[in-house]
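Colleague: Here it is, the structure, as structure tokens.
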Amino acid sequence: GLQDYLQMLTFISPSLRKTFEDHLLNTYKVKGEDFVYVEEGAGFGQALNDLRGSLAKAKLYGIDIKDWVKDPKALKEALGPLDKMIKDGVASAQAIKEKYIARITNPGYEFVLGDITDVEFPKAADLVTSFFVLQYLDDPLAAVANAFNQLAQDGMLVMHLLLPSSEYALYDFYETLAQDIRDQGASFEVYKGEQVGEYLDVVFVARLAGNKKI
């Protein structure tokens, strides 16, 4: 359920996590079946399936560059570590694998195949999230802008970037960029999370009010 989902967001501060939760629940309460949630980099759909019970009427969309159902070779590669664990006798591995396959073949959301830097959403989104995905893109800001520009009125995006130590200087660039966007009248913030080993958590948070685009 929702609490399982929120517990995964350990890289977001408690206050920001509360803001996120309030927006999700309050907007869903008002919009009901018209509430649109988009997760970018949906993978096996764990997060969306966790949320389905709390957002029974909502329209949930999961975007990924790989269609696991239509690409069995990619699925086999992705499940490779679990297959090794099964072979090594790890008791829980088989159940986890079956759970993943069940999510893929019978998802509680609509799958959208696409690159998040330019994919077109099925509908304007009330909430967009992306976790542990942006660091794999050549142009993460293109994905942030693409998502922001497809928010519904008063919609919110929360997108996470794991920044390697060799690129810490980029954080200052992101902060400057955020200020430039705010100067244009849009709501856009960049939060610095904890440093874990050689990585720094960076979270982009924006809301659409009016017709401002980036």
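Note on naming: chains are A, B, ... as they come in the structure tokens, residues start from 1 per chain, ligands start from 1 in the order shown.
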Each residue of range 113-185 of chain A lying at most 7 Å from range 32-46 of chain A should get a row with its shortest atom-to-atom pair and the distance in Å to one decimal, counting only C-alpha atoms; could you produce that, ordered by chain and increasing number, as a tab-separated table?
Modeller:
residue	atom	partner	partner_atom	distance
A:Ile116	CA	A:Glu40	CA	6.5
A:Ala125	CA	A:Val36	CA	5.0
A:Asp126	CA	A:Val36	CA	5.3
A:Leu127	CA	A:Tyr37	CA	4.9
A:Val128	CA	A:Val38	CA	4.8
A:Thr129	CA	A:Glu39	CA	5.0
A:Ser130	CA	A:Glu40	CA	4.9
A:Val133	CA	A:Gly41	CA	6.2
Colleague: Give me the residues near range 107-110 of chain A as a VMD selection string, where near means some atom within 8 Å (using only C-alpha atoms) and where sequence neighbours in that chain fewer than 3 positions away do not count.
Modeller: chain A and resid 45 48 to 49 52 59 to 62 102 to 104
Colleague: Write out, as a PDB file, in the first residue's frame, the residues just selected, with N, CA and C atoms.
Modeller:
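Output saved as out_6.pdb:
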ATOM      1  N   GLY A  45       7.422  -2.495 -12.029  1.00  0.00           N
ATOM      2  CA  GLY A  45       6.145  -1.979 -11.533  1.00  0.00           C
ATOM      3  C   GLY A  45       5.899  -2.127 -10.052  1.00  0.00           C
ATOM      4  N   LEU A  48       4.205   1.127  -8.521  1.00  0.00           N
ATOM      5  CA  LEU A  48       2.830   1.328  -8.984  1.00  0.00           C
ATOM      6  C   LEU A  48       1.893   0.288  -8.410  1.00  0.00           C
ATOM      7  N   ASN A  49       2.353  -0.931  -8.321  1.00  0.00           N
ATOM      8  CA  ASN A  49       1.498  -1.969  -7.747  1.00  0.00           C
ATOM      9  C   ASN A  49       1.300  -1.773  -6.249  1.00  0.00           C
ATOM     10  N   ARG A  52      -1.489   0.860  -6.050  1.00  0.00           N
ATOM     11  CA  ARG A  52      -2.806   0.568  -6.604  1.00  0.00           C
ATOM     12  C   ARG A  52      -3.878   0.413  -5.527  1.00  0.00           C
ATOM     13  N   LYS A  59      -5.870   6.759 -12.508  1.00  0.00           N
ATOM     14  CA  LYS A  59      -5.245   6.292 -13.746  1.00  0.00           C
ATOM     15  C   LYS A  59      -3.729   6.259 -13.501  1.00  0.00           C
ATOM     16  N   LEU A  60      -3.171   5.068 -13.498  1.00  0.00           N
ATOM     17  CA  LEU A  60      -1.747   4.892 -13.243  1.00  0.00           C
ATOM     18  C   LEU A  60      -1.049   4.475 -14.530  1.00  0.00           C
ATOM     19  N   TYR A  61       0.048   5.152 -14.836  1.00  0.00           N
ATOM     20  CA  TYR A  61       0.826   4.842 -16.031  1.00  0.00           C
ATOM     21  C   TYR A  61       2.286   4.607 -15.644  1.00  0.00           C
ATOM     22  N   GLY A  62       2.860   3.563 -16.190  1.00  0.00           N
ATOM     23  CA  GLY A  62       4.256   3.265 -15.962  1.00  0.00           C
ATOM     24  C   GLY A  62       5.014   3.330 -17.272  1.00  0.00           C
ATOM     25  N   ALA A 102       4.582 -11.840 -12.084  1.00  0.00           N
ATOM     26  CA  ALA A 102       3.143 -11.573 -11.954  1.00  0.00           C
ATOM     27  C   ALA A 102       2.848 -10.091 -12.166  1.00  0.00           C
ATOM     28  N   ARG A 103       3.718  -9.217 -11.633  1.00  0.00           N
ATOM     29  CA  ARG A 103       3.523  -7.780 -11.813  1.00  0.00           C
ATOM     30  C   ARG A 103       3.635  -7.380 -13.276  1.00  0.00           C
ATOM     31  N   ILE A 104       4.562  -8.023 -13.977  1.00  0.00           N
ATOM     32  CA  ILE A 104       4.793  -7.680 -15.376  1.00  0.00           C
ATOM     33  C   ILE A 104       3.654  -8.164 -16.264  1.00  0.00           C
TER      34      ILE A 104
END
Colleague: Taking the backbone alone, and naming residues the way the document does, which bits of chain A are alpha helix (DSSP H) by DSSP, as a PyMOL selection string?
Modeller: chain A and resi 2-7+14-31+46-52+72-78+80-87+93-105+140-148+170-183
Colleague: Between A:Ala186, A:Leu6, A:Lys99, A:Leu113, which is the closest to Asp22 in chain A once you count only C-alpha atoms?
Modeller: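 Closest candidate: A:Leu6.
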Colleague: Need to verify the contact set: range 170-185 of chain A, 12 Å, only C-alpha atoms, exclusion of same-chain residues closer than 6 positions in sequence. Can you return it as a list in words?
Modeller: Pro140, Leu141, Val144, Ala145, Phe148, Leu161, Leu162, Leu163, Pro164, Tyr191, Lys192, Gly193, Tyr199, Leu200, Asp201, Val202, Val203, Phe204, Val205, Ala206, Arg207, Leu208, Ala209, Gly210, Asn211, Lys212, Lys213 and Ile214 of chain A
Colleague: With N, CA and C atoms kept, could you save the residues just selected as a short mmCIF file (atom, residue, chain, number, x, y, z; two decimals), in the first residue's frame?
Modeller:
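Now in out_4.cif:
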data_model
loop_
_atom_site.label_atom_id
_atom_site.label_comp_id
_atom_site.auth_asym_id
_atom_site.auth_seq_id
_atom_site.Cartn_x
_atom_site.Cartn_y
_atom_site.Cartn_z
N PRO A 140 19.68 14.36 -18.34
CA PRO A 140 18.61 14.22 -17.33
C PRO A 140 17.67 15.41 -17.28
N LEU A 141 18.18 16.60 -17.56
CA LEU A 141 17.31 17.78 -17.50
C LEU A 141 16.26 17.77 -18.60
N VAL A 144 13.43 15.95 -17.04
CA VAL A 144 12.74 16.80 -16.06
C VAL A 144 11.84 17.80 -16.78
N ALA A 145 12.36 18.45 -17.80
CA ALA A 145 11.57 19.44 -18.54
C ALA A 145 10.38 18.79 -19.24
N PHE A 148 7.75 18.08 -16.58
CA PHE A 148 7.15 19.31 -16.07
C PHE A 148 6.14 19.88 -17.08
N LEU A 161 17.81 12.02 -8.68
CA LEU A 161 19.05 11.81 -9.42
C LEU A 161 20.14 11.41 -8.45
N LEU A 162 20.81 10.31 -8.72
CA LEU A 162 21.95 9.87 -7.91
C LEU A 162 23.20 10.42 -8.58
N LEU A 163 23.83 11.39 -7.94
CA LEU A 163 24.95 12.10 -8.53
C LEU A 163 26.28 11.53 -8.03
N PRO A 164 27.13 11.02 -8.93
CA PRO A 164 28.43 10.49 -8.50
C PRO A 164 29.36 11.62 -8.06
N TYR A 191 16.69 19.83 -4.21
CA TYR A 191 17.06 19.50 -2.84
C TYR A 191 18.27 18.57 -2.83
N LYS A 192 19.19 18.87 -1.92
CA LYS A 192 20.36 18.02 -1.75
C LYS A 192 20.08 17.06 -0.60
N GLY A 193 20.17 15.76 -0.89
CA GLY A 193 19.95 14.75 0.14
C GLY A 193 21.25 14.35 0.80
N TYR A 199 28.21 8.85 -3.65
CA TYR A 199 27.05 9.38 -4.36
C TYR A 199 26.29 10.39 -3.50
N LEU A 200 25.65 11.32 -4.19
CA LEU A 200 24.83 12.34 -3.54
C LEU A 200 23.42 12.27 -4.10
N ASP A 201 22.43 12.24 -3.21
CA ASP A 201 21.04 12.25 -3.64
C ASP A 201 20.61 13.68 -3.99
N VAL A 202 20.06 13.85 -5.16
CA VAL A 202 19.52 15.13 -5.60
C VAL A 202 18.06 14.90 -6.00
N VAL A 203 17.16 15.75 -5.52
CA VAL A 203 15.74 15.59 -5.83
C VAL A 203 15.20 16.88 -6.43
N PHE A 204 14.61 16.75 -7.62
CA PHE A 204 13.95 17.88 -8.28
C PHE A 204 12.46 17.83 -7.91
N VAL A 205 11.94 18.97 -7.48
CA VAL A 205 10.52 19.06 -7.13
C VAL A 205 9.94 20.30 -7.81
N ALA A 206 8.86 20.13 -8.54
CA ALA A 206 8.25 21.26 -9.23
C ALA A 206 6.74 21.11 -9.23
N ARG A 207 6.07 22.25 -9.32
CA ARG A 207 4.61 22.26 -9.44
C ARG A 207 4.23 23.18 -10.58
N LEU A 208 3.17 22.81 -11.27
CA LEU A 208 2.68 23.65 -12.36
C LEU A 208 1.53 24.51 -11.86
N ALA A 209 1.74 25.81 -11.94
CA ALA A 209 0.69 26.77 -11.60
C ALA A 209 0.66 27.80 -12.71
N GLY A 210 -0.48 27.96 -13.35
CA GLY A 210 -0.53 28.82 -14.51
C GLY A 210 -0.08 28.05 -15.75
N ASN A 211 0.49 28.75 -16.71
CA ASN A 211 0.87 28.11 -17.96
C ASN A 211 2.37 28.12 -18.20
N LYS A 212 3.15 28.24 -17.14
CA LYS A 212 4.60 28.31 -17.28
C LYS A 212 5.15 26.96 -17.74
N LYS A 213 6.05 27.01 -18.72
CA LYS A 213 6.73 25.82 -19.20
C LYS A 213 8.23 26.03 -19.08
N ILE A 214 8.99 24.97 -19.12
CA ILE A 214 10.45 25.10 -19.06
C ILE A 214 11.08 24.37 -20.24
#
Colleague: Taking only C-alpha atoms into account, name the residue in A:Ala91, A:Ala142, A:Ala47, A:Ile65 that is nearest to Asp115 in chain A.
Modeller: A:Ile65
Colleague: Any chance you could list, as an MDAnalysis selection string, the residues in range 2-137 of chain A that come up strand (DSSP E or B) when DSSP is run on the backbone?
Modeller: chainID A and resid 36:40 59:64 110:113 125:130
Colleague: Write out as a list in words each polymer residue whose atoms come within 12 Å of Thr10 in chain A, counting only C-alpha atoms; drop sequence neighbours fewer than 4 positions from it.
Modeller: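 With the cut-off at 12 Å, the set is Asp4, Tyr5, Leu6, Pro14, Ser15, Leu16, Arg17, Phe131, His160, Gly193, Glu194, Val196, Asp201 and Val203 of chain A.
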Colleague: Next, write the just-selected residues to a file, as a compact mmCIF listing (two decimals), in the first residue's frame, keeping C-alpha atoms as the atom set.
Modeller:
# COMPACT_ATOMS: atom_id res chain seq x y z
CA ASP A 4 5.12 0.55 1.72
CA TYR A 5 5.66 2.94 -1.15
CA LEU A 6 6.62 5.85 1.11
CA PRO A 14 10.69 13.55 6.09
CA SER A 15 9.25 17.02 5.44
CA LEU A 16 9.45 16.62 1.67
CA ARG A 17 8.02 13.12 1.91
CA PHE A 131 13.54 7.37 -8.89
CA HIS A 160 15.48 11.74 -8.11
CA GLY A 193 19.95 14.75 0.14
CA GLU A 194 22.46 12.69 2.04
CA VAL A 196 26.04 7.91 0.64
CA ASP A 201 21.04 12.25 -3.64
CA VAL A 203 15.74 15.59 -5.83
